[in-house]
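Shown next: protein-v2.pdb, containing PDB, C-alpha atoms, pLDDT in the B column.
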```pdb
ATOM      1  CA  MET A   1       9.311  13.402  -1.224  1.00 88.00           C
ATOM      2  CA  ARG A   2       6.239  14.241  -3.238  1.00 88.00           C
ATOM      3  CA  ARG A   3       8.293  14.436  -6.418  1.00 90.00           C
ATOM      4  CA  LEU A   4       9.920  11.089  -5.628  1.00 84.00           C
ATOM      5  CA  MET A   5       6.493   9.504  -5.138  1.00 84.00           C
ATOM      6  CA  GLU A   6       5.173  11.059  -8.350  1.00 83.00           C
ATOM      7  CA  GLU A   7       8.176   9.994 -10.436  1.00 85.00           C
ATOM      8  CA  THR A   8       8.217   6.408  -9.152  1.00 82.00           C
ATOM      9  CA  GLY A   9       4.541   5.794  -8.392  1.00 83.00           C
ATOM     10  CA  GLU A  10       5.578   4.363  -5.023  1.00 85.00           C
ATOM     11  CA  THR A  11       5.273   5.574  -1.433  1.00 87.00           C
ATOM     12  CA  ALA A  12       8.174   7.766  -0.246  1.00 91.00           C
ATOM     13  CA  ASN A  13       9.299   7.640   3.405  1.00 93.00           C
ATOM     14  CA  LEU A  14      11.567   9.681   5.648  1.00 96.00           C
ATOM     15  CA  ALA A  15      13.125   8.054   8.719  1.00 97.00           C
ATOM     16  CA  VAL A  16      15.758   8.691  11.381  1.00 97.00           C
ATOM     17  CA  GLU A  17      17.694   6.396  13.684  1.00 95.00           C
ATOM     18  CA  SER A  18      16.665   6.465  17.335  1.00 95.00           C
ATOM     19  CA  ASN A  19      18.032   4.090  19.969  1.00 92.00           C
ATOM     20  CA  GLY A  20      19.126   1.551  17.370  1.00 92.00           C
ATOM     21  CA  GLU A  21      15.864   1.490  15.399  1.00 94.00           C
ATOM     22  CA  ALA A  22      14.546   3.363  12.381  1.00 95.00           C
ATOM     23  CA  VAL A  23      11.661   5.696  13.206  1.00 96.00           C
ATOM     24  CA  PHE A  24       9.478   6.919  10.359  1.00 93.00           C
ATOM     25  CA  LEU A  25       8.836  10.652  10.487  1.00 95.00           C
ATOM     26  CA  SER A  26       6.827  11.246   7.350  1.00 90.00           C
ATOM     27  CA  HIS A  27       5.590   9.670   4.148  1.00 85.00           C
ATOM     28  CA  ILE A  28       3.912  10.584   0.899  1.00 81.00           C
ATOM     29  CA  GLU A  29       1.610   7.732  -0.060  1.00 76.00           C
ATOM     30  CA  SER A  30       1.452   6.328  -3.544  1.00 69.00           C
ATOM     31  CA  GLN A  31      -1.831   6.820  -5.370  1.00 68.00           C
ATOM     32  CA  GLU A  32      -1.788   3.190  -6.538  1.00 66.00           C
ATOM     33  CA  MET A  33      -4.566   0.929  -5.286  1.00 55.00           C
ATOM     34  CA  MET A  34      -2.011  -1.624  -4.029  1.00 57.00           C
ATOM     35  CA  ARG A  35       0.580   0.329  -2.048  1.00 55.00           C
ATOM     36  CA  ALA A  36       2.820   0.006   0.951  1.00 68.00           C
ATOM     37  CA  THR A  37       2.197   2.391   3.826  1.00 68.00           C
ATOM     38  CA  THR A  38       4.114   3.229   6.991  1.00 76.00           C
ATOM     39  CA  ARG A  39       2.658   5.214   9.868  1.00 80.00           C
ATOM     40  CA  PRO A  40       4.744   8.149  11.096  1.00 81.00           C
ATOM     41  CA  GLY A  41       6.179   7.222  14.490  1.00 81.00           C
ATOM     42  CA  SER A  42       6.379   3.515  13.705  1.00 88.00           C
ATOM     43  CA  ARG A  43       9.685   1.772  14.388  1.00 93.00           C
ATOM     44  CA  VAL A  44      11.493  -0.956  12.470  1.00 93.00           C
ATOM     45  CA  PRO A  45      14.772  -2.792  13.058  1.00 95.00           C
ATOM     46  CA  LEU A  46      17.752  -1.240  11.275  1.00 96.00           C
ATOM     47  CA  HIS A  47      19.076  -4.555   9.924  1.00 96.00           C
ATOM     48  CA  CYS A  48      15.982  -5.458   7.898  1.00 94.00           C
ATOM     49  CA  SER A  49      14.792  -2.133   6.539  1.00 95.00           C
ATOM     50  CA  GLY A  50      16.087  -0.100   3.619  1.00 96.00           C
ATOM     51  CA  VAL A  51      16.204   3.115   5.642  1.00 96.00           C
ATOM     52  CA  GLY A  52      17.882   1.290   8.521  1.00 97.00           C
ATOM     53  CA  LYS A  53      20.614  -0.228   6.374  1.00 97.00           C
ATOM     54  CA  ALA A  54      21.161   3.097   4.574  1.00 97.00           C
ATOM     55  CA  ILE A  55      21.831   4.724   7.949  1.00 97.00           C
ATOM     56  CA  LEU A  56      23.794   1.773   9.409  1.00 97.00           C
ATOM     57  CA  ALA A  57      26.127   1.746   6.405  1.00 97.00           C
ATOM     58  CA  THR A  58      27.323   5.251   7.301  1.00 97.00           C
ATOM     59  CA  LYS A  59      28.195   4.407  10.906  1.00 96.00           C
ATOM     60  CA  PRO A  60      31.623   3.350  12.202  1.00 95.00           C
ATOM     61  CA  GLU A  61      32.025  -0.404  12.791  1.00 95.00           C
ATOM     62  CA  ARG A  62      32.196   0.090  16.567  1.00 96.00           C
ATOM     63  CA  GLN A  63      28.778   1.771  16.568  1.00 94.00           C
ATOM     64  CA  VAL A  64      27.309  -0.928  14.294  1.00 96.00           C
ATOM     65  CA  ALA A  65      28.649  -3.587  16.682  1.00 96.00           C
ATOM     66  CA  ARG A  66      26.999  -1.848  19.672  1.00 95.00           C
ATOM     67  CA  ILE A  67      23.664  -1.663  17.877  1.00 95.00           C
ATOM     68  CA  LEU A  68      23.843  -5.335  16.849  1.00 94.00           C
ATOM     69  CA  HIS A  69      24.813  -6.380  20.372  1.00 94.00           C
ATOM     70  CA  LYS A  70      21.889  -4.458  21.863  1.00 95.00           C
ATOM     71  CA  HIS A  71      19.198  -5.367  19.311  1.00 95.00           C
ATOM     72  CA  GLY A  72      20.444  -8.565  17.665  1.00 94.00           C
ATOM     73  CA  LEU A  73      19.362  -9.677  14.201  1.00 96.00           C
ATOM     74  CA  ARG A  74      15.810 -10.808  14.837  1.00 94.00           C
ATOM     75  CA  ARG A  75      14.205 -12.695  11.961  1.00 96.00           C
ATOM     76  CA  VAL A  76      11.139 -10.861  10.696  1.00 95.00           C
ATOM     77  CA  THR A  77      10.600 -12.666   7.367  1.00 94.00           C
ATOM     78  CA  PRO A  78      12.321 -15.589   5.606  1.00 95.00           C
ATOM     79  CA  ASN A  79      14.491 -12.981   3.799  1.00 94.00           C
ATOM     80  CA  THR A  80      15.704 -11.187   6.936  1.00 95.00           C
ATOM     81  CA  ILE A  81      19.489 -11.082   7.295  1.00 96.00           C
ATOM     82  CA  GLU A  82      20.341 -12.999  10.471  1.00 96.00           C
ATOM     83  CA  SER A  83      24.122 -13.284  10.154  1.00 95.00           C
ATOM     84  CA  PRO A  84      26.394 -10.458  11.363  1.00 95.00           C
ATOM     85  CA  THR A  85      28.912 -11.423   8.663  1.00 96.00           C
ATOM     86  CA  GLU A  86      26.286 -11.195   5.925  1.00 96.00           C
ATOM     87  CA  LEU A  87      24.955  -7.893   7.282  1.00 97.00           C
ATOM     88  CA  ARG A  88      28.468  -6.392   7.342  1.00 96.00           C
ATOM     89  CA  ALA A  89      28.970  -7.491   3.712  1.00 97.00           C
ATOM     90  CA  VAL A  90      25.633  -5.915   2.750  1.00 97.00           C
ATOM     91  CA  LEU A  91      26.587  -2.694   4.552  1.00 97.00           C
ATOM     92  CA  ALA A  92      29.902  -2.607   2.648  1.00 97.00           C
ATOM     93  CA  GLU A  93      28.010  -2.994  -0.657  1.00 96.00           C
ATOM     94  CA  THR A  94      25.599  -0.270   0.440  1.00 96.00           C
ATOM     95  CA  ARG A  95      28.505   2.086   1.220  1.00 95.00           C
ATOM     96  CA  GLY A  96      29.966   1.385  -2.207  1.00 95.00           C
ATOM     97  CA  ARG A  97      26.844   2.136  -4.199  1.00 94.00           C
ATOM     98  CA  GLY A  98      25.398   4.836  -1.900  1.00 95.00           C
ATOM     99  CA  PHE A  99      21.965   3.276  -1.330  1.00 95.00           C
ATOM    100  CA  SER A 100      20.407   0.186   0.217  1.00 96.00           C
ATOM    101  CA  PHE A 101      17.725  -2.355  -0.576  1.00 93.00           C
ATOM    102  CA  ASP A 102      15.115  -4.172   1.474  1.00 93.00           C
ATOM    103  CA  ASN A 103      14.169  -7.257  -0.525  1.00 91.00           C
ATOM    104  CA  GLU A 104      11.155  -8.456   1.463  1.00 91.00           C
ATOM    105  CA  GLU A 105      13.323  -8.491   4.614  1.00 94.00           C
ATOM    106  CA  HIS A 106      10.862  -6.583   6.805  1.00 93.00           C
ATOM    107  CA  ALA A 107       7.551  -7.479   5.167  1.00 90.00           C
ATOM    108  CA  VAL A 108       6.805 -10.266   2.708  1.00 90.00           C
ATOM    109  CA  GLY A 109       5.792  -8.801  -0.638  1.00 86.00           C
ATOM    110  CA  VAL A 110       7.343  -5.392   0.049  1.00 88.00           C
ATOM    111  CA  ARG A 111      10.580  -4.067  -1.452  1.00 89.00           C
ATOM    112  CA  CYS A 112      12.377  -0.835  -0.781  1.00 90.00           C
ATOM    113  CA  VAL A 113      15.335   1.237  -1.923  1.00 93.00           C
ATOM    114  CA  ALA A 114      16.753   3.888   0.422  1.00 96.00           C
ATOM    115  CA  ALA A 115      19.555   6.422   0.664  1.00 97.00           C
ATOM    116  CA  PRO A 116      21.033   8.324   3.590  1.00 97.00           C
ATOM    117  CA  ILE A 117      20.570  12.062   4.000  1.00 97.00           C
ATOM    118  CA  PHE A 118      23.661  13.873   5.264  1.00 96.00           C
ATOM    119  CA  ASP A 119      23.947  17.109   7.219  1.00 95.00           C
ATOM    120  CA  GLU A 120      26.500  19.833   6.484  1.00 96.00           C
ATOM    121  CA  SER A 121      29.185  17.994   8.486  1.00 94.00           C
ATOM    122  CA  GLY A 122      28.723  14.761   6.509  1.00 92.00           C
ATOM    123  CA  GLU A 123      26.862  12.832   9.209  1.00 91.00           C
ATOM    124  CA  ALA A 124      23.859  10.740   8.125  1.00 94.00           C
ATOM    125  CA  VAL A 125      20.923  12.232  10.002  1.00 95.00           C
ATOM    126  CA  ALA A 126      18.072  10.492   8.169  1.00 97.00           C
ATOM    127  CA  ALA A 127      17.214   8.271   5.216  1.00 97.00           C
ATOM    128  CA  ILE A 128      14.681   8.564   2.428  1.00 97.00           C
ATOM    129  CA  SER A 129      13.125   5.601   0.658  1.00 94.00           C
ATOM    130  CA  ILE A 130      10.627   4.417  -1.886  1.00 91.00           C
ATOM    131  CA  VAL A 131       8.688   1.319  -0.993  1.00 89.00           C
ATOM    132  CA  GLY A 132       6.378  -0.818  -3.054  1.00 81.00           C
ATOM    133  CA  ARG A 133       4.628  -4.151  -3.186  1.00 72.00           C
ATOM    134  CA  ARG A 134       7.192  -6.270  -5.078  1.00 56.00           C
ATOM    135  CA  ARG A 135       7.214  -3.723  -7.897  1.00 57.00           C
ATOM    136  CA  VAL A 136      10.381  -1.998  -6.703  1.00 54.00           C
ATOM    137  CA  SER A 137      13.272  -3.730  -8.461  1.00 55.00           C
ATOM    138  CA  PRO A 138      15.709  -5.140  -5.915  1.00 54.00           C
ATOM    139  CA  THR A 139      18.582  -4.600  -8.366  1.00 58.00           C
ATOM    140  CA  THR A 140      17.907  -1.083  -9.658  1.00 58.00           C
ATOM    141  CA  GLY A 141      15.607   0.353  -7.006  1.00 55.00           C
ATOM    142  CA  TRP A 142      13.074   1.578  -9.558  1.00 54.00           C
ATOM    143  CA  PRO A 143       9.519   0.354 -10.028  1.00 54.00           C
ATOM    144  CA  THR A 144       9.058  -2.586 -12.349  1.00 53.00           C
ATOM    145  CA  SER A 145       6.014  -4.452 -13.557  1.00 46.00           C
ATOM    146  CA  ALA A 146       7.343  -7.922 -12.747  1.00 37.00           C
ATOM    147  CA  PRO A 147       8.964  -9.377  -9.640  1.00 37.00           C
ATOM    148  CA  ALA A 148      12.709  -9.898 -10.030  1.00 42.00           C
ATOM    149  CA  SER A 149      14.151 -13.334  -9.339  1.00 41.00           C
ATOM    150  CA  GLY A 150      17.507 -13.943  -7.741  1.00 46.00           C
ATOM    151  CA  ALA A 151      17.465 -10.447  -6.300  1.00 50.00           C
ATOM    152  CA  PRO A 152      20.284  -9.339  -4.026  1.00 51.00           C
ATOM    153  CA  ARG A 153      19.734  -8.552  -0.367  1.00 51.00           C
ATOM    154  CA  GLY A 154      20.895  -5.316   1.064  1.00 59.00           C
TER     155      GLY A 154
END
```
Mind turning this structure into structure tokens?
Amino acid sequence: MRRLMEETGETANLAVESNGEAVFLSHIESQEMMRATTRPGSRVPLHCSGVGKAILATKPERQVARILHKHGLRRVTPNTIESPTELRAVLAETRGRGFSFDNEEHAVGVRCVAAPIFDESGEAVAAISIVGRRRVSPTTGWPTSAPASGAPRG
């Protein structure tokens, strides 16, 4: 995680899924003056976080449906995905490319790119992410100096 933070200049996070939410276990904070931070132990909805969508995308549809039924798709920002159909499409895209995006879906001004971490049996047990204040490109996942327009969700 330290290397990821050093190479990108953004905060790196590690999270797991617990009871249908993402729980942050650890982070390595960016050294930038303007940076995004997440407290270990804090929880976020799976549907509007990069780590959450990275993990959700690896789960069978039946399990995704149970999580959505239990937790819903609560709007957190104007960019939060609120439609089950749209979320399923985003999860399919995430599966295809192997990583997810959070384009200001959990916090206005904050973008994230995340990927699942698999155990030896191929089950996603966690997700790792980089998160930054609008500097993380929502199309490539790497830091950029200018906000991207027309960025995809997911």
(request) Can you pull out every residue within 6 Å of segment 86-98 of chain A, counting only C-alpha atoms, but drop anything in the same chain fewer than 2 positions away, and send it as a list of chain:residue names? (result)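 My reading of the contact set: A:Ala57, A:Ser83, A:Pro84, A:Ser100, A:Gly154.
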(message) As a check of understanding, name the residues that the PyMOL selection byres ((chain A and resi 44) around 9) selects in the supplied structure, as an MDAnalysis selection string.
(response) chainID A and resid 21:24 42:43 45:49 52 106
(message) Just to confirm, what's the straight-line distance from atom CA of Arg2 of chain A to atom CA of Glu29 of chain A in Å (one decimal)?
(response)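 Separating atom CA of Arg2 of chain A from atom CA of Glu29 of chain A is a distance of 8.6 Å.
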(message) Evaluated on this file, the PyMOL selection byres ((chain A and resi 28) around 12) picks out some residues - which ones are they, written as a PyMOL selection string?
(response) chain A and resi 1-6+8-14+24-27+29-32+35-40+128-131
Using all atoms listed in the file, I'd like a table of the residues in segment 20-86 of chain A that come within 7 Å of segment 109-116 of chain A; for each, show the closest atom pair and its distance in Å rounded to one decimal, ordered by chain and ascending number, as JSON lines.
```
{"residue": "A:Gly50", "atom": "CA", "partner": "A:Ala114", "partner_atom": "CA", "distance": 5.2}
{"residue": "A:Val51", "atom": "CA", "partner": "A:Ala114", "partner_atom": "CA", "distance": 5.3}
{"residue": "A:Ala54", "atom": "CA", "partner": "A:Pro116", "partner_atom": "CA", "distance": 5.3}
{"residue": "A:Ile55", "atom": "CA", "partner": "A:Pro116", "partner_atom": "CA", "distance": 5.7}
```
Padding 6 Å on every side, please: axis-aligned box over the listed atoms of segment 51-67 of chain A, centre and edge lengths to one decimal in Å, as JSON.
```
{"center_x": 24.2, "center_y": 0.8, "center_z": 12.1, "size_x": 28.0, "size_y": 20.8, "size_z": 27.1}
```
(request) Report the distance between atom CA of Val108 of chain A and atom CA of Ala124 of chain A in Å, rounded to one decimal place. (result)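 Atom-to-atom, atom CA of Val108 of chain A to atom CA of Ala124 of chain A, that is 27.6 Å.
The gap separating atom CA of Glu120 of chain A from atom CA of Lys70 of chain A is 29.1 Å, in Å to one decimal.
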(request) Tell me which of A:Glu61, A:Glu7, A:Glu17, A:Glu104 sits closest to Val76 of chain A, counting all atoms listed in the file. (result)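 Of A:Glu61, A:Glu7, A:Glu17, A:Glu104, the one nearest Val76 of chain A is A:Glu104, counting all atoms listed in the file.
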